[in-house]
Structure formats: C-alpha cells, structure tokens
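Below is the file run.txt, which contains compact mmCIF, C-alpha atoms.
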# COMPACT_ATOMS: atom_id res chain seq x y z
CA MET A 514 39.09 -50.15 8.23
CA LYS A 515 37.04 -49.28 5.14
CA LEU A 516 34.13 -48.25 7.39
CA MET A 517 36.43 -45.94 9.33
CA ILE A 518 37.71 -44.35 6.10
CA ARG A 519 34.13 -43.76 4.89
CA LEU A 520 33.19 -42.22 8.22
CA LEU A 521 36.19 -39.91 8.17
CA THR A 522 35.44 -38.95 4.57
CA PHE A 523 31.82 -38.15 5.47
CA LEU A 524 32.90 -36.03 8.44
CA ALA A 525 35.39 -34.15 6.30
CA VAL A 526 32.76 -33.40 3.63
CA ALA A 527 30.21 -32.34 6.28
CA SER A 528 32.76 -30.06 7.93
CA ALA A 529 33.62 -28.48 4.58
CA LEU A 530 29.94 -27.89 3.87
CA LEU A 531 29.45 -26.24 7.25
CA VAL A 532 32.44 -23.98 6.71
CA SER A 533 31.17 -23.12 3.21
CA THR A 534 27.69 -22.41 4.51
CA GLY A 535 29.07 -20.25 7.30
CA CYS A 536 31.21 -18.27 4.86
CA GLY A 537 28.22 -17.85 2.57
CA LYS A 538 26.14 -16.40 5.38
CA LEU A 539 28.91 -14.01 6.35
CA ARG A 540 29.32 -12.86 2.77
CA ALA A 541 25.57 -12.44 2.48
CA ARG A 542 25.49 -10.24 5.58
CA ASP A 543 28.37 -8.17 4.24
CA GLN A 544 26.60 -7.66 0.91
CA LEU A 545 23.35 -6.82 2.69
CA ASN A 546 25.08 -4.15 4.79
CA LYS A 547 26.79 -2.68 1.73
CA GLY A 548 23.46 -2.69 -0.12
CA VAL A 549 21.72 -0.85 2.72
CA GLN A 550 24.41 1.84 2.69
CA SER A 551 24.10 2.25 -1.07
CA TYR A 552 20.32 2.40 -0.76
CA LYS A 553 20.50 5.09 1.94
CA ASN A 554 22.75 7.12 -0.36
CA ASN A 555 20.22 6.78 -3.22
CA ARG A 556 22.58 4.59 -5.28
CA TYR A 557 19.81 2.16 -6.16
CA GLU A 558 21.50 0.29 -9.02
CA GLU A 559 24.53 -0.34 -6.86
CA ALA A 560 22.26 -1.41 -3.99
CA ILE A 561 20.42 -3.86 -6.25
CA GLU A 562 23.67 -5.62 -7.15
CA HIS A 563 24.64 -5.95 -3.49
CA PHE A 564 21.22 -7.32 -2.57
CA LYS A 565 21.35 -9.78 -5.47
CA ASN A 566 24.72 -11.01 -4.21
CA ALA A 567 23.38 -11.34 -0.67
CA VAL A 568 20.47 -13.47 -1.88
CA ALA A 569 22.83 -15.62 -3.96
CA PHE A 570 25.13 -16.22 -0.97
CA ASP A 571 22.24 -16.97 1.42
CA PRO A 572 18.75 -17.54 -0.05
CA THR A 573 17.33 -17.75 3.49
CA LEU A 574 18.29 -14.12 4.21
CA LEU A 575 14.82 -12.80 3.45
CA ASN A 576 15.61 -9.23 4.48
CA ALA A 577 18.00 -9.11 1.54
CA GLN A 578 15.21 -10.34 -0.74
CA LEU A 579 12.89 -7.72 0.69
CA TYR A 580 15.45 -4.96 0.28
CA LEU A 581 16.01 -6.09 -3.32
CA ALA A 582 12.28 -5.75 -4.03
CA THR A 583 12.21 -2.35 -2.32
CA ALA A 584 15.19 -1.12 -4.33
CA TYR A 585 13.42 -2.05 -7.57
CA ALA A 586 10.24 -0.36 -6.30
CA SER A 587 12.20 2.80 -5.47
CA GLN A 588 13.22 3.12 -9.12
CA TYR A 589 9.70 2.65 -10.41
CA ILE A 590 8.14 5.99 -11.42
CA PRO A 591 4.32 6.09 -11.02
CA GLY A 592 2.50 7.16 -14.17
CA VAL A 593 5.39 6.52 -16.56
CA GLU A 594 4.45 3.73 -18.96
CA SER A 595 7.79 3.24 -20.70
CA PRO A 596 8.84 -0.43 -21.07
CA ASP A 597 11.89 0.05 -18.81
CA ASN A 598 9.82 1.63 -16.06
CA VAL A 599 7.08 -1.01 -16.23
CA ARG A 600 9.78 -3.70 -16.17
CA MET A 601 11.19 -2.15 -12.99
CA GLY A 602 7.78 -2.34 -11.34
CA ASP A 603 7.28 -5.91 -12.48
CA GLN A 604 10.70 -6.89 -11.09
CA ALA A 605 9.78 -5.40 -7.73
CA ILE A 606 6.53 -7.39 -7.69
CA GLU A 607 8.40 -10.57 -8.63
CA GLU A 608 10.89 -10.14 -5.78
CA TYR A 609 8.14 -9.36 -3.26
CA LYS A 610 6.33 -12.54 -4.33
CA LYS A 611 9.48 -14.59 -3.70
CA VAL A 612 9.32 -13.50 -0.06
CA LEU A 613 5.68 -14.63 0.13
CA ASP A 614 6.60 -18.03 -1.29
CA VAL A 615 9.09 -18.80 1.49
CA ALA A 616 7.67 -20.71 4.46
CA ILE A 617 10.05 -19.08 6.96
CA ALA A 618 8.91 -15.54 6.12
CA THR A 619 7.69 -13.66 9.20
CA ARG A 620 4.30 -11.95 9.30
CA GLU A 621 6.00 -8.56 9.12
CA GLN A 622 7.94 -9.61 6.01
CA LYS A 623 4.74 -10.88 4.41
CA VAL A 624 2.85 -7.70 5.28
CA ASN A 625 5.60 -5.52 3.79
CA SER A 626 5.59 -7.69 0.66
CA VAL A 627 1.84 -7.64 0.02
CA LYS A 628 1.70 -3.89 0.69
CA GLY A 629 4.60 -3.37 -1.70
CA ILE A 630 2.86 -5.39 -4.41
CA ALA A 631 -0.42 -3.57 -3.81
CA TYR A 632 1.23 -0.15 -3.98
CA ILE A 633 2.89 -0.86 -7.32
CA HIS A 634 -0.33 -2.27 -8.81
CA LEU A 635 -2.16 0.83 -7.57
CA ASN A 636 0.32 3.14 -9.30
CA MET A 637 0.02 1.03 -12.46
CA LYS A 638 -3.76 1.65 -12.22
CA LYS A 639 -4.35 -2.09 -11.85
CA PHE A 640 -7.02 -1.46 -9.24
CA ASP A 641 -8.40 -5.00 -8.91
CA GLN A 642 -4.92 -6.45 -8.28
CA ALA A 643 -4.07 -3.64 -5.87
CA ARG A 644 -7.30 -4.21 -3.96
CA GLU A 645 -6.62 -7.95 -3.77
CA TYR A 646 -3.24 -7.45 -2.14
CA TYR A 647 -4.38 -4.70 0.22
CA LEU A 648 -7.10 -7.08 1.41
CA LYS A 649 -4.40 -9.71 2.00
CA ALA A 650 -2.61 -7.12 4.13
CA THR A 651 -5.76 -6.60 6.23
CA GLU A 652 -5.90 -10.36 6.83
CA LEU A 653 -2.23 -10.53 7.86
CA ASP A 654 -2.47 -7.49 10.14
CA PRO A 655 -6.07 -6.53 11.00
CA LYS A 656 -4.84 -3.71 13.25
CA ASP A 657 -3.07 -1.81 10.45
CA ALA A 658 -5.31 1.06 9.33
CA GLU A 659 -3.52 1.85 6.07
CA PRO A 660 -4.62 -1.16 3.96
CA PHE A 661 -8.27 -0.55 4.93
CA TYR A 662 -7.86 3.09 3.90
CA SER A 663 -6.23 2.06 0.62
CA VAL A 664 -9.10 -0.31 -0.25
CA GLY A 665 -11.51 2.54 0.49
CA VAL A 666 -9.61 4.85 -1.88
CA ILE A 667 -9.70 2.19 -4.61
CA ASP A 668 -13.45 1.68 -4.10
CA TRP A 669 -14.03 5.43 -4.40
CA THR A 670 -11.96 5.57 -7.61
CA LYS A 671 -13.91 2.69 -9.14
CA ALA A 672 -17.22 4.38 -8.32
CA TYR A 673 -16.22 7.95 -9.17
CA GLN A 674 -14.90 7.42 -12.69
CA PRO A 675 -18.02 5.89 -14.31
CA ARG A 676 -20.30 8.32 -12.47
CA GLN A 677 -18.33 11.32 -13.71
CA GLU A 678 -18.39 9.96 -17.26
CA GLU A 679 -22.18 9.73 -17.17
CA ARG A 680 -22.54 13.18 -15.60
CA GLY A 681 -20.26 14.55 -18.32
CA LYS A 682 -22.50 13.09 -21.02
CA LEU A 683 -25.48 14.82 -19.41
CA GLY A 684 -23.61 18.14 -19.22
CA LEU A 685 -24.04 18.40 -15.44
CA LYS A 686 -22.04 20.87 -13.37
CA PRO A 687 -20.27 19.64 -10.18
CA ASN A 688 -23.05 20.85 -7.87
CA ASP A 689 -25.92 19.67 -10.10
CA GLN A 690 -27.90 16.73 -8.72
CA LEU A 691 -28.21 13.67 -10.96
CA LYS A 692 -31.92 13.45 -11.83
CA ASP A 693 -31.92 11.26 -14.94
CA LYS A 694 -33.75 8.18 -13.61
CA LYS A 695 -32.36 5.77 -16.19
CA VAL A 696 -28.74 6.82 -15.73
CA CYS A 697 -29.15 6.92 -11.96
CA ALA A 698 -30.57 3.37 -11.88
CA MET A 699 -27.69 2.13 -14.02
CA LEU A 700 -25.07 3.77 -11.79
CA ARG A 701 -26.80 2.59 -8.63
CA ALA A 702 -26.73 -1.01 -9.84
CA LYS A 703 -23.06 -0.67 -10.75
CA ASN A 704 -21.75 1.38 -7.83
CA TRP A 705 -23.91 0.69 -4.79
CA ASP A 706 -21.99 -2.31 -3.43
CA VAL A 707 -18.65 -0.65 -4.23
CA VAL A 708 -19.62 2.49 -2.31
CA ALA A 709 -20.97 0.46 0.63
CA ASP A 710 -17.72 -1.49 0.80
CA GLY A 711 -15.68 1.71 0.61
CA ILE A 712 -17.58 3.28 3.50
CA ALA A 713 -17.09 0.12 5.58
CA MET A 714 -13.35 0.01 4.82
CA LEU A 715 -12.82 3.68 5.65
CA ASP A 716 -14.81 3.25 8.84
CA ARG A 717 -12.44 0.42 9.87
CA ALA A 718 -9.44 2.63 9.13
CA ILE A 719 -10.81 5.53 11.20
CA ASN A 720 -11.64 3.24 14.12
CA LEU A 721 -8.09 1.88 14.07
CA ARG A 722 -6.29 5.22 13.82
CA GLU A 723 -7.26 8.25 15.84
CA GLU A 724 -7.67 11.44 13.80
CA TYR A 725 -7.06 9.70 10.46
CA ASP A 726 -7.84 12.84 8.47
CA ASP A 727 -7.04 11.32 5.05
CA ALA A 728 -9.58 8.55 5.63
CA MET A 729 -12.10 11.12 6.89
CA ALA A 730 -11.64 13.18 3.72
CA TYR A 731 -12.42 10.13 1.58
CA MET A 732 -15.40 9.32 3.78
CA ASN A 733 -16.78 12.72 2.76
CA LEU A 734 -16.27 11.81 -0.90
CA MET A 735 -17.85 8.39 -0.41
CA TYR A 736 -21.05 9.84 1.01
CA ARG A 737 -21.25 12.23 -1.94
CA GLU A 738 -20.93 9.22 -4.24
CA ARG A 739 -23.81 7.54 -2.46
CA ALA A 740 -25.91 10.69 -2.40
CA ASP A 741 -25.72 11.05 -6.18
CA ILE A 742 -27.28 7.60 -6.72
CA GLN A 743 -30.11 8.21 -4.22
CA CYS A 744 -32.21 9.82 -6.93
CA ASP A 745 -35.36 7.82 -6.00
CA ASP A 746 -35.18 8.95 -2.37
CA PRO A 747 -34.80 12.72 -1.78
CA ALA A 748 -34.60 12.23 2.00
CA ALA A 749 -31.74 9.73 1.62
CA TYR A 750 -29.98 12.15 -0.73
CA GLN A 751 -30.19 14.96 1.81
CA ALA A 752 -29.05 12.65 4.63
CA ASP A 753 -25.97 11.54 2.68
CA MET A 754 -25.08 15.13 1.72
CA LYS A 755 -25.35 16.13 5.38
CA ALA A 756 -23.14 13.19 6.36
CA ALA A 757 -20.61 14.28 3.72
CA ASP A 758 -20.55 17.83 5.13
CA ASP A 759 -20.15 16.43 8.66
CA TRP A 760 -17.09 14.48 7.52
CA VAL A 761 -15.60 17.68 6.12
CA ASP A 762 -15.94 19.23 9.59
CA LYS A 763 -14.41 16.13 11.21
CA THR A 764 -11.52 16.22 8.75
CA MET A 765 -10.74 19.86 9.51
CA ALA A 766 -11.01 19.23 13.26
CA ALA A 767 -8.63 16.28 13.03
CA LYS A 768 -6.11 18.30 11.02
CA LYS A 769 -6.27 21.13 13.54
CA SER A 770 -5.85 18.76 16.47
CA LYS A 771 -2.85 17.04 14.88
CA ALA A 772 -1.21 20.38 14.12
CA GLU A 773 -1.68 21.53 17.72
CA LYS A 774 -0.23 18.29 19.07
CA ALA A 775 2.75 18.56 16.73
CA ALA A 776 3.41 22.13 17.85
CA HIS A 777 3.45 21.14 21.51
CA ALA A 778 5.35 17.89 21.07
CA PRO A 779 9.07 17.63 21.95
CA GLY A 780 11.05 19.03 19.05
CA GLY A 781 8.10 21.10 17.87
CA ILE A 782 7.89 24.87 17.73
CA VAL A 783 9.79 26.40 20.62
CA MET A 784 9.04 29.96 21.63
CA ASP A 785 11.98 32.21 22.47
CA ALA A 786 12.30 33.06 26.14
CA PRO A 787 11.21 36.59 26.95
CA LYS A 788 14.04 39.08 27.23
CA GLU A 789 14.55 40.73 30.57
So, in terms of structure tokens, how does the structure I just supplied come out?
Amino acid sequence: MKLMIRLLTFLAVASALLVSTGCGKLRARDQLNKGVQSYKNNRYEEAIEHFKNAVAFDPTLLNAQLYLATAYASQYIPGVESPDNVRMGDQAIEEYKKVLDVAIATREQKVNSVKGIAYIHLNMKKFDQAREYYLKATELDPKDAEPFYSVGVIDWTKAYQPRQEERGKLGLKPNDQLKDKKVCAMLRAKNWDVVADGIAMLDRAINLREEYDDAMAYMNLMYRERADIQCDDPAAYQADMKAADDWVDKTMAAKKSKAEKAAHAPGGIVMDAPKE
C-alpha cells in the first residue's frame, strides 16, 4: 500500500512538472512574439524586457537569447564611448556568448552570435578581438564571404595606420613614394604578413561572392599598402601599383554590372509604355 502511495505521489509530481514546463514554454513563446513586435517597432527597451522574460520562462529558447543580444546591439552606438553606451555593447556581447555556450545551439545561431560579437568589437576598435571572432565565423561557415571580407578590412586598418603615421613624420604627400630605407624596412617587417593575410582573405571573399565590389575596393587598397613597402624592389612596386589600378577597374565594372542587373530585375525601374 505504501509503495502504491509513493508511486501515485511520484506520478502526480511528474505530471505537475510537465504541466509547469509546458506552461513555461508557452509563456516564453508569447514573450518572444511580443518582443519581436516591439523590436520591429523600434521599441528596443520594451523588446529587451520581453526577451528577458522569454529566456527566464524557457532557457532552451535560444532564439529569444539571440534576439535579446541583438536588441542590446541595436542600442549600441558605434564611436560613442560613454559608459552607458559601452555597457550596452558589453551586454550584447555577453548575451551572444551565452548562445555559444549552449550545446544545443545550431550552426546558424552560433554564426550569428560570433558575427554579432565581432561586429561590436570592430566598432569598439578592438581589432584583435573582432578579427578573432570573424575567423571563428569563417570556420563555422566557410562559404560565407562577409567574415573573410571583414578580416581583410581589419588587416588593412592595422597596416594602414602605422604606415600613415610614419609617412606623416616624413612629410610625404599621398602620391609620394616612400623612399626612406630605414622606415620602409621597419614597416615591411611590421606589415608584410598582415598585408599578405589581408590579400588572401579578400581573395577568398571575392571567390565566394560574385561581383563583391566592396572587397574589390579593399583589394585595391591592400595592393597599395604592399607597394609602399616594396622600396627595395622598384619592379615589385610598379607591379603592385598596376594591380591596385586593375582592382579599381574591376570594382567599377562590378558596380556597373550590379546596377544594370538591379535595373532589369523584377521590381526595378519600369519604363512607361509608349503613348499611341
């Protein structure tokens, strides 16, 4: 008799837990839907509260966690270094990382999270951290061109800034070739591998996306970076400058092609029918 009572008690508790869990999931879905509506209407603070509630009701609802991170990220203003703004960016990163820590996260959820983290780090000018997470994105989805492009942009930024500082000290104009052997050797040692990596990353991006004009534009800049540290090899300097000019032409051709395709695509520019 006692065994039967224990069994009945266990079944009652289990049933209550199932009902509670089911209600929690329903409430989580309701809060998620309300949060999405608030987010679409640009009511980000309201959306954040709904997403927080959804996560509290059902921690396994990772889309709610991802939306929460995205809502924080939407309120972060790039370039503004106020404590409140930085805190908003840090909160977004923290929520994105929670998605990465969950074993059941899908590849798409992980990709969105690492790209979100990378983007915020990039806007905070934390280039090494941004590069780290964009590289993680390339590992998770090797067919996505954007992270390769983003790493290339970061590489260019890291090479461009110190080179411009040294050129400024020498009083060089934009079109003046760097001829100071000592400065050139120093910049070459510092920037060569960075530039080589940037060219490789941009090349991957262009191979993955047809007419990727933004990546082509940075490829032009990358070859100019390399040309300026080819001061011991005039032929290599000229070859890199020619390559840079070729990428300008490719960029313009890609832009023109995309514009023509957009004009002739459904929903593009429609000419009025001739009047009889």
CA of Gln588 in chain A to CA of Lys565 in chain A, straight-line distance in Å: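 These atoms are spaced 15.7 Å apart.
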Counting all atoms listed in the file, give me one row per residue of range 642-709 of chain A with an atom at most 12 Å from an atom of range 596-607 of chain A, showing the shortest contact pair and its distance in Å to one decimal, sorted by chain then residue number, as JSON lines.
{"residue": "A:Gln642", "atom": "CA", "partner": "A:Ile606", "partner_atom": "CA", "distance": 11.5}
{"residue": "A:Ala643", "atom": "CA", "partner": "A:Ile606", "partner_atom": "CA", "distance": 11.4}
{"residue": "A:Tyr646", "atom": "CA", "partner": "A:Ile606", "partner_atom": "CA", "distance": 11.2}
Contact residues around range 721-734 of chain A with all atoms listed in the file at 9 Å, ignoring same-chain residues under 3 positions, as a PyMOL selection string: chain A and resi 656-659+662-663+665-666+669+711-712+715-718+737-739+754+756-761+763-768+770-771
Keeping only C-alpha atoms, write the selected residues to a file as a compact mmCIF listing (two decimals), keeping the file's coordinate frame.
# COMPACT_ATOMS: atom_id res chain seq x y z
CA LYS A 656 -4.84 -3.71 13.25
CA ASP A 657 -3.07 -1.81 10.45
CA ALA A 658 -5.31 1.06 9.33
CA GLU A 659 -3.52 1.85 6.07
CA TYR A 662 -7.86 3.09 3.90
CA SER A 663 -6.23 2.06 0.62
CA GLY A 665 -11.51 2.54 0.49
CA VAL A 666 -9.61 4.85 -1.88
CA TRP A 669 -14.03 5.43 -4.40
CA GLY A 711 -15.68 1.71 0.61
CA ILE A 712 -17.58 3.28 3.50
CA LEU A 715 -12.82 3.68 5.65
CA ASP A 716 -14.81 3.25 8.84
CA ARG A 717 -12.44 0.42 9.87
CA ALA A 718 -9.44 2.63 9.13
CA ARG A 737 -21.25 12.23 -1.94
CA GLU A 738 -20.93 9.22 -4.24
CA ARG A 739 -23.81 7.54 -2.46
CA MET A 754 -25.08 15.13 1.72
CA ALA A 756 -23.14 13.19 6.36
CA ALA A 757 -20.61 14.28 3.72
CA ASP A 758 -20.55 17.83 5.13
CA ASP A 759 -20.15 16.43 8.66
CA TRP A 760 -17.09 14.48 7.52
CA VAL A 761 -15.60 17.68 6.12
CA LYS A 763 -14.41 16.13 11.21
CA THR A 764 -11.52 16.22 8.75
CA MET A 765 -10.74 19.86 9.51
CA ALA A 766 -11.01 19.23 13.26
CA ALA A 767 -8.63 16.28 13.03
CA LYS A 768 -6.11 18.30 11.02
CA SER A 770 -5.85 18.76 16.47
CA LYS A 771 -2.85 17.04 14.88
I want to know what sits within 9 Å of Asn704 in chain A, based on all atoms listed in the file, with residues of the same chain fewer than 4 positions away left out; could you give that as a list in words? Lys671, Ala672, Tyr673, Pro675, Arg676, Met699, Leu700, Val708, Ala709, Glu738, Arg739 and Ile742 of chain A
Smallest atom-to-atom distance to Tyr632 in chain A: which of A:Gly681, A:Gly548, A:Pro591, A:Pro779, using all atoms listed in the file?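 Checking each candidate against Tyr632 in chain A, we get A:Pro591 as the closest.
Minimum atom-to-atom distances from A:Leu579, A:Leu683, A:Ala631, A:Leu574 to Val696 in chain A were compared using all atoms listed in the file, and the lowest value belongs to A:Leu683.
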Calculate how many Å separate CA of Thr573 in chain A from CA of Val615 in chain A, rounding to one decimal. 8.5 Å
Grab the CA of Lys639 in chain A to CA of Gln674 in chain A distance for me, in Å with one decimal place.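 CA of Lys639 in chain A sits 14.2 Å away from CA of Gln674 in chain A.
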Quick one: residues within 10 Å of Asn546 in chain A, only C-alpha atoms counted, chain neighbours fewer than 6 positions away excluded, as number ranges by chain? A: 540, 552, 560, 563-564, 567, 577
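The residue that comes closest to Pro687 in chain A, out of A:Asp762, A:Leu539, A:Asn555, A:Asp741 and on the basis of all atoms listed in the file, is A:Asp741.
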